[in-house]
$ cat data_11.cif   # mmCIF, N, CA and C atoms
data_my_file
#
loop_
_atom_site.label_atom_id
_atom_site.label_comp_id
_atom_site.auth_asym_id
_atom_site.auth_seq_id
_atom_site.Cartn_x
_atom_site.Cartn_y
_atom_site.Cartn_z
N ARG A 261 95.67 94.01 103.55
CA ARG A 261 95.55 93.03 104.61
C ARG A 261 94.24 93.22 105.38
N THR A 262 93.92 94.45 105.69
CA THR A 262 92.71 94.70 106.46
C THR A 262 91.47 94.30 105.69
N LYS A 263 91.48 94.53 104.37
CA LYS A 263 90.32 94.17 103.57
C LYS A 263 90.06 92.67 103.62
N ARG A 264 91.12 91.88 103.61
CA ARG A 264 90.95 90.43 103.70
C ARG A 264 90.32 90.02 105.02
N LEU A 265 90.54 90.81 106.06
CA LEU A 265 90.00 90.47 107.37
C LEU A 265 88.48 90.51 107.40
N VAL A 266 87.88 91.42 106.64
CA VAL A 266 86.43 91.56 106.70
C VAL A 266 85.71 90.84 105.57
N ARG A 267 86.43 90.38 104.59
CA ARG A 267 85.81 89.72 103.44
C ARG A 267 85.12 88.44 103.89
N ASN A 268 83.85 88.32 103.55
CA ASN A 268 83.06 87.09 103.71
C ASN A 268 82.63 86.74 105.12
N ARG A 269 82.98 87.53 106.12
CA ARG A 269 82.56 87.15 107.48
C ARG A 269 82.24 88.37 108.31
N ALA A 270 81.01 88.42 108.78
CA ALA A 270 80.57 89.57 109.57
C ALA A 270 81.31 89.69 110.89
N ASP A 271 81.70 88.58 111.50
CA ASP A 271 82.34 88.64 112.81
C ASP A 271 83.75 89.24 112.72
N ARG A 272 84.26 89.39 111.54
CA ARG A 272 85.59 89.97 111.39
C ARG A 272 85.58 91.48 111.60
N LEU A 273 84.42 92.08 111.65
CA LEU A 273 84.35 93.51 111.99
C LEU A 273 84.97 93.75 113.36
N THR A 274 84.86 92.78 114.23
CA THR A 274 85.46 92.90 115.56
C THR A 274 86.97 93.06 115.45
N THR A 275 87.57 92.33 114.51
CA THR A 275 89.01 92.44 114.29
C THR A 275 89.37 93.83 113.80
N VAL A 276 88.57 94.37 112.90
CA VAL A 276 88.82 95.73 112.39
C VAL A 276 88.69 96.73 113.53
N GLU A 277 87.69 96.57 114.37
CA GLU A 277 87.52 97.47 115.50
C GLU A 277 88.72 97.43 116.43
N LYS A 278 89.25 96.24 116.65
CA LYS A 278 90.44 96.09 117.50
C LYS A 278 91.63 96.81 116.87
N LEU A 279 91.82 96.64 115.57
CA LEU A 279 92.93 97.30 114.89
C LEU A 279 92.77 98.82 114.93
N ILE A 280 91.56 99.31 114.75
CA ILE A 280 91.31 100.75 114.84
C ILE A 280 91.76 101.26 116.21
N GLY A 281 91.40 100.56 117.25
CA GLY A 281 91.80 100.95 118.60
C GLY A 281 93.32 100.97 118.77
N GLU A 282 93.98 99.96 118.21
CA GLU A 282 95.44 99.92 118.30
C GLU A 282 96.07 101.09 117.54
N TYR A 283 95.57 101.37 116.35
CA TYR A 283 96.12 102.48 115.56
C TYR A 283 95.87 103.82 116.24
N GLU A 284 94.68 104.00 116.80
CA GLU A 284 94.39 105.25 117.50
C GLU A 284 95.31 105.43 118.70
N SER A 285 95.55 104.35 119.43
CA SER A 285 96.45 104.43 120.58
C SER A 285 97.87 104.75 120.15
N ALA A 286 98.33 104.11 119.10
CA ALA A 286 99.69 104.36 118.60
C ALA A 286 99.84 105.79 118.11
N LEU A 287 98.79 106.34 117.51
CA LEU A 287 98.86 107.71 117.01
C LEU A 287 98.94 108.73 118.14
N ALA A 288 98.47 108.37 119.30
CA ALA A 288 98.61 109.27 120.45
C ALA A 288 100.09 109.53 120.74
N GLN A 289 100.91 108.54 120.47
CA GLN A 289 102.36 108.67 120.68
C GLN A 289 103.07 109.25 119.45
N ARG A 290 102.54 108.96 118.27
CA ARG A 290 103.18 109.39 117.02
C ARG A 290 102.13 109.98 116.10
N PRO A 291 101.63 111.17 116.40
CA PRO A 291 100.50 111.73 115.67
C PRO A 291 100.77 112.06 114.20
N ASN A 292 102.02 112.16 113.81
CA ASN A 292 102.34 112.50 112.43
C ASN A 292 102.89 111.31 111.64
N ASP A 293 102.66 110.12 112.14
CA ASP A 293 103.13 108.91 111.46
C ASP A 293 102.15 108.59 110.33
N THR A 294 102.55 108.90 109.11
CA THR A 294 101.64 108.72 107.97
C THR A 294 101.29 107.25 107.75
N ARG A 295 102.21 106.37 108.06
CA ARG A 295 101.92 104.94 107.90
C ARG A 295 100.77 104.52 108.82
N LEU A 296 100.78 104.97 110.05
CA LEU A 296 99.68 104.68 110.96
C LEU A 296 98.39 105.34 110.50
N LEU A 297 98.52 106.57 110.01
CA LEU A 297 97.34 107.27 109.52
C LEU A 297 96.70 106.54 108.35
N TYR A 298 97.51 106.03 107.43
CA TYR A 298 96.97 105.23 106.33
C TYR A 298 96.19 104.04 106.87
N ARG A 299 96.81 103.31 107.78
CA ARG A 299 96.16 102.11 108.32
C ARG A 299 94.86 102.46 109.03
N LEU A 300 94.88 103.54 109.78
CA LEU A 300 93.67 103.97 110.47
C LEU A 300 92.58 104.35 109.47
N ALA A 301 92.96 105.08 108.43
CA ALA A 301 91.97 105.47 107.41
C ALA A 301 91.34 104.24 106.78
N PHE A 302 92.16 103.25 106.42
CA PHE A 302 91.61 102.03 105.83
C PHE A 302 90.73 101.29 106.83
N GLY A 303 91.13 101.30 108.09
CA GLY A 303 90.30 100.67 109.11
C GLY A 303 88.93 101.33 109.22
N TYR A 304 88.93 102.66 109.25
CA TYR A 304 87.65 103.39 109.30
C TYR A 304 86.80 103.07 108.08
N TYR A 305 87.42 103.09 106.91
CA TYR A 305 86.69 102.82 105.68
C TYR A 305 86.08 101.42 105.71
N LEU A 306 86.89 100.43 106.08
CA LEU A 306 86.39 99.07 106.10
C LEU A 306 85.34 98.85 107.17
N LYS A 307 85.43 99.57 108.26
CA LYS A 307 84.39 99.50 109.29
C LYS A 307 83.07 99.98 108.69
N GLY A 308 83.11 101.10 107.98
CA GLY A 308 81.89 101.60 107.35
C GLY A 308 81.33 100.66 106.31
N MET A 309 82.20 100.09 105.49
CA MET A 309 81.75 99.17 104.47
C MET A 309 81.25 97.86 105.09
N GLY A 310 81.87 97.43 106.17
CA GLY A 310 81.41 96.23 106.85
C GLY A 310 80.04 96.42 107.46
N ILE A 311 79.83 97.60 108.04
CA ILE A 311 78.50 97.90 108.59
C ILE A 311 77.47 97.88 107.47
N ARG A 312 77.82 98.49 106.35
CA ARG A 312 76.89 98.53 105.21
C ARG A 312 76.52 97.11 104.77
N LYS A 313 77.52 96.24 104.71
CA LYS A 313 77.29 94.89 104.20
C LYS A 313 76.64 93.96 105.23
N TYR A 314 77.14 93.98 106.45
CA TYR A 314 76.72 92.98 107.43
C TYR A 314 75.67 93.46 108.43
N GLN A 315 75.43 94.75 108.48
CA GLN A 315 74.43 95.28 109.38
C GLN A 315 73.51 96.24 108.61
N PRO A 316 72.81 95.72 107.60
CA PRO A 316 72.01 96.61 106.74
C PRO A 316 70.89 97.34 107.48
N GLN A 317 70.52 96.85 108.66
CA GLN A 317 69.49 97.53 109.44
C GLN A 317 70.00 98.84 110.05
N THR A 318 71.33 99.01 110.05
CA THR A 318 71.94 100.22 110.60
C THR A 318 71.67 101.38 109.66
N THR A 319 71.52 102.55 110.20
CA THR A 319 71.21 103.71 109.37
C THR A 319 72.38 104.05 108.45
N PRO A 320 72.08 104.58 107.27
CA PRO A 320 73.16 105.00 106.36
C PRO A 320 74.10 106.02 107.00
N ASP A 321 73.60 106.82 107.94
CA ASP A 321 74.43 107.81 108.61
C ASP A 321 75.59 107.16 109.37
N THR A 322 75.37 105.97 109.88
CA THR A 322 76.43 105.28 110.60
C THR A 322 77.56 104.91 109.65
N THR A 323 77.20 104.40 108.49
CA THR A 323 78.21 104.08 107.47
C THR A 323 78.97 105.34 107.08
N LEU A 324 78.25 106.42 106.84
CA LEU A 324 78.89 107.68 106.44
C LEU A 324 79.79 108.24 107.52
N LEU A 325 79.45 108.03 108.77
CA LEU A 325 80.30 108.48 109.86
C LEU A 325 81.71 107.89 109.71
N TRP A 326 81.78 106.60 109.44
CA TRP A 326 83.07 105.93 109.30
C TRP A 326 83.78 106.35 108.02
N ILE A 327 83.02 106.55 106.95
CA ILE A 327 83.62 107.03 105.71
C ILE A 327 84.19 108.43 105.92
N HIS A 328 83.48 109.28 106.65
CA HIS A 328 83.98 110.63 106.93
C HIS A 328 85.25 110.58 107.78
N LYS A 329 85.30 109.65 108.72
CA LYS A 329 86.53 109.50 109.52
C LYS A 329 87.70 109.11 108.62
N ALA A 330 87.44 108.22 107.66
CA ALA A 330 88.49 107.82 106.72
C ALA A 330 88.92 109.02 105.88
N GLN A 331 87.97 109.81 105.42
CA GLN A 331 88.29 111.01 104.65
C GLN A 331 89.15 111.97 105.45
N ASP A 332 88.74 112.25 106.67
CA ASP A 332 89.49 113.19 107.51
C ASP A 332 90.91 112.70 107.78
N THR A 333 91.04 111.41 107.97
CA THR A 333 92.37 110.85 108.24
C THR A 333 93.26 110.94 107.01
N LEU A 334 92.70 110.66 105.84
CA LEU A 334 93.48 110.79 104.61
C LEU A 334 93.81 112.26 104.32
N LYS A 335 92.92 113.16 104.65
CA LYS A 335 93.23 114.59 104.50
C LYS A 335 94.41 114.97 105.39
N GLN A 336 94.49 114.35 106.55
CA GLN A 336 95.61 114.61 107.44
C GLN A 336 96.92 114.13 106.81
N VAL A 337 96.89 112.97 106.15
CA VAL A 337 98.08 112.48 105.46
C VAL A 337 98.49 113.47 104.37
N VAL A 338 97.52 113.94 103.60
CA VAL A 338 97.80 114.89 102.52
C VAL A 338 98.38 116.18 103.09
N SER A 339 97.87 116.63 104.22
CA SER A 339 98.40 117.86 104.81
C SER A 339 99.83 117.67 105.31
N LEU A 340 100.15 116.46 105.79
CA LEU A 340 101.51 116.19 106.25
C LEU A 340 102.48 116.01 105.09
N ASP A 341 101.99 115.46 103.98
CA ASP A 341 102.83 115.23 102.81
C ASP A 341 102.03 115.53 101.55
N PRO A 342 101.97 116.80 101.15
CA PRO A 342 101.17 117.18 99.98
C PRO A 342 101.59 116.49 98.68
N GLN A 343 102.78 115.95 98.63
CA GLN A 343 103.25 115.27 97.42
C GLN A 343 102.88 113.78 97.39
N ASP A 344 102.24 113.30 98.41
CA ASP A 344 101.88 111.88 98.48
C ASP A 344 100.70 111.61 97.54
N ILE A 345 101.02 111.12 96.35
CA ILE A 345 99.97 110.90 95.36
C ILE A 345 99.04 109.76 95.74
N TRP A 346 99.53 108.79 96.50
CA TRP A 346 98.67 107.69 96.94
C TRP A 346 97.62 108.18 97.93
N ALA A 347 98.01 109.06 98.81
CA ALA A 347 97.03 109.61 99.77
C ALA A 347 95.95 110.36 99.02
N ARG A 348 96.34 111.12 98.02
CA ARG A 348 95.34 111.85 97.22
C ARG A 348 94.44 110.89 96.46
N ASN A 349 95.02 109.83 95.92
CA ASN A 349 94.24 108.84 95.19
C ASN A 349 93.22 108.16 96.11
N TYR A 350 93.68 107.69 97.26
CA TYR A 350 92.78 107.03 98.20
C TYR A 350 91.72 108.00 98.72
N LEU A 351 92.11 109.24 98.94
CA LEU A 351 91.14 110.23 99.40
C LEU A 351 90.04 110.40 98.35
N GLY A 352 90.42 110.48 97.09
CA GLY A 352 89.42 110.60 96.02
C GLY A 352 88.48 109.41 96.00
N PHE A 353 89.03 108.23 96.18
CA PHE A 353 88.22 107.02 96.21
C PHE A 353 87.22 107.06 97.36
N VAL A 354 87.69 107.43 98.53
CA VAL A 354 86.82 107.46 99.70
C VAL A 354 85.79 108.59 99.59
N LEU A 355 86.19 109.71 99.01
CA LEU A 355 85.22 110.79 98.78
C LEU A 355 84.10 110.33 97.85
N ALA A 356 84.46 109.53 96.86
CA ALA A 356 83.45 109.02 95.93
C ALA A 356 82.46 108.10 96.64
N GLU A 357 82.90 107.40 97.67
CA GLU A 357 82.00 106.52 98.44
C GLU A 357 80.89 107.30 99.12
N GLU A 358 81.15 108.54 99.45
CA GLU A 358 80.14 109.34 100.14
C GLU A 358 78.89 109.47 99.29
N GLY A 359 79.07 109.51 97.98
CA GLY A 359 77.93 109.63 97.08
C GLY A 359 77.27 108.32 96.73
N THR A 360 77.83 107.19 97.22
CA THR A 360 77.29 105.88 96.92
C THR A 360 76.02 105.65 97.72
N ASP A 361 75.04 105.07 97.08
CA ASP A 361 73.79 104.73 97.77
C ASP A 361 74.08 103.74 98.88
N THR A 362 73.70 104.08 100.09
CA THR A 362 74.00 103.23 101.25
C THR A 362 72.88 102.26 101.56
N GLN A 363 71.87 102.21 100.75
CA GLN A 363 70.76 101.27 101.00
C GLN A 363 71.11 99.89 100.51
#
$ encode --input "data_11.cif" --output "structure tokens"
Amino acid sequence: RTKRLVRNRADRLTTVEKLIGEYESALAQRPNDTRLLYRLAFGYYLKGMGIRKYQPQTTPDTTLLWIHKAQDTLKQVVSLDPQDIWARNYLGFVLAEEGTDTQ
């Protein structure tokens, strides 16, 4: 769902930013809610990819900052549920993005 929000329109990054804020606030109350952590991780990832696509003048470090936040959040999911194969899969995918050329 979140990916559809940013597809094809730069102004939709604002929507992702809003969702990130909502997920971060909700996690303050439920810090071990893996469902929220997943959503937050995807939000961070899409924020980074949106910056890469729609704000190319931004430094690659800014994109990587958001990718690293996604990685850290997925690592938290894995630590809460080491048997969650989807969290491991998504973490691998996001880790691979770190090596992607950000230019």
$ atom_distance --input "data_11.cif" --atom1 "atom CA of Gly303 of chain A" --atom2 "atom CA of Leu334 of chain A"
11.5 Å
$ residues_around --input "data_11.cif" --residues "Thr322 of chain A" --least-positions-apart "6" --cutoff "8 Å" --atoms "only N, CA and C atoms" --output "PyMOL selection string"
chain A and resi 307-309+311-312+328
$ residues_around --input "data_11.cif" --residues "Arg348 of chain A" --least-positions-apart "4" --cutoff "12 Å" --atoms "only C-alpha atoms" --output "list in words"
Tyr298, Gln331, Asp332, Thr333, Leu334, Lys335, Gln336, Val337, Val338, Ser339, Leu340, Asp341, Pro342, Gln343, Asp344, Gly352, Phe353, Val354 and Leu355 of chain A
$ write_last_selection --input "data_11.cif" --atoms "N, CA and C atoms" --output "tab-separated table (two decimals), keeping the file's coordinate frame"
chain	number	residue	atom	x	y	z
A	298	TYR	N	97.51	106.03	107.43
A	298	TYR	CA	96.97	105.23	106.33
A	298	TYR	C	96.19	104.04	106.87
A	331	GLN	N	87.97	109.81	105.42
A	331	GLN	CA	88.29	111.01	104.65
A	331	GLN	C	89.15	111.97	105.45
A	332	ASP	N	88.74	112.25	106.67
A	332	ASP	CA	89.49	113.19	107.51
A	332	ASP	C	90.91	112.70	107.78
A	333	THR	N	91.04	111.41	107.97
A	333	THR	CA	92.37	110.85	108.24
A	333	THR	C	93.26	110.94	107.01
A	334	LEU	N	92.70	110.66	105.84
A	334	LEU	CA	93.48	110.79	104.61
A	334	LEU	C	93.81	112.26	104.32
A	335	LYS	N	92.92	113.16	104.65
A	335	LYS	CA	93.23	114.59	104.50
A	335	LYS	C	94.41	114.97	105.39
A	336	GLN	N	94.49	114.35	106.55
A	336	GLN	CA	95.61	114.61	107.44
A	336	GLN	C	96.92	114.13	106.81
A	337	VAL	N	96.89	112.97	106.15
A	337	VAL	CA	98.08	112.48	105.46
A	337	VAL	C	98.49	113.47	104.37
A	338	VAL	N	97.52	113.94	103.60
A	338	VAL	CA	97.80	114.89	102.52
A	338	VAL	C	98.38	116.18	103.09
A	339	SER	N	97.87	116.63	104.22
A	339	SER	CA	98.40	117.86	104.81
A	339	SER	C	99.83	117.67	105.31
A	340	LEU	N	100.15	116.46	105.79
A	340	LEU	CA	101.51	116.19	106.25
A	340	LEU	C	102.48	116.01	105.09
A	341	ASP	N	101.99	115.46	103.98
A	341	ASP	CA	102.83	115.23	102.81
A	341	ASP	C	102.03	115.53	101.55
A	342	PRO	N	101.97	116.80	101.15
A	342	PRO	CA	101.17	117.18	99.98
A	342	PRO	C	101.59	116.49	98.68
A	343	GLN	N	102.78	115.95	98.63
A	343	GLN	CA	103.25	115.27	97.42
A	343	GLN	C	102.88	113.78	97.39
A	344	ASP	N	102.24	113.30	98.41
A	344	ASP	CA	101.88	111.88	98.48
A	344	ASP	C	100.70	111.61	97.54
A	352	GLY	N	90.42	110.48	97.09
A	352	GLY	CA	89.42	110.60	96.02
A	352	GLY	C	88.48	109.41	96.00
A	353	PHE	N	89.03	108.23	96.18
A	353	PHE	CA	88.22	107.02	96.21
A	353	PHE	C	87.22	107.06	97.36
A	354	VAL	N	87.69	107.43	98.53
A	354	VAL	CA	86.82	107.46	99.70
A	354	VAL	C	85.79	108.59	99.59
A	355	LEU	N	86.19	109.71	99.01
A	355	LEU	CA	85.22	110.79	98.78
A	355	LEU	C	84.10	110.33	97.85
$ resolve_selection --input "data_11.cif" --expression "the PyMOL selection byres ((chain A and resi 306) around 8)" --output "PyMOL selection string"
chain A and resi 262-263+266+273+276-277+300-305+307-312+326-327+330
$ atom_distance --input "data_11.cif" --atom1 "atom N of Ile345 of chain A" --atom2 "atom N of Asn292 of chain A"
17.5 Å
$ atom_distance --input "data_11.cif" --atom1 "atom CA of Gln289 of chain A" --atom2 "atom CA of Leu324 of chain A"
27.5 Å
$ select_by_dssp --input "data_11.cif" --residues "chain A" --states "alpha helix (DSSP H)" --output "PyMOL selection string"
chain A and resi 262-266+273-289+294-314+320-340+345-358
$ axis_aligned_box --input "data_11.cif" --around "segment 278-289 of chain A" --padding-each-side "6 Å" --output "lines of an AutoDock Vina configuration file"
center_x = 96.2
center_y = 102.8
center_z = 117.7
size_x = 25.8
size_y = 25.4
size_z = 18.0
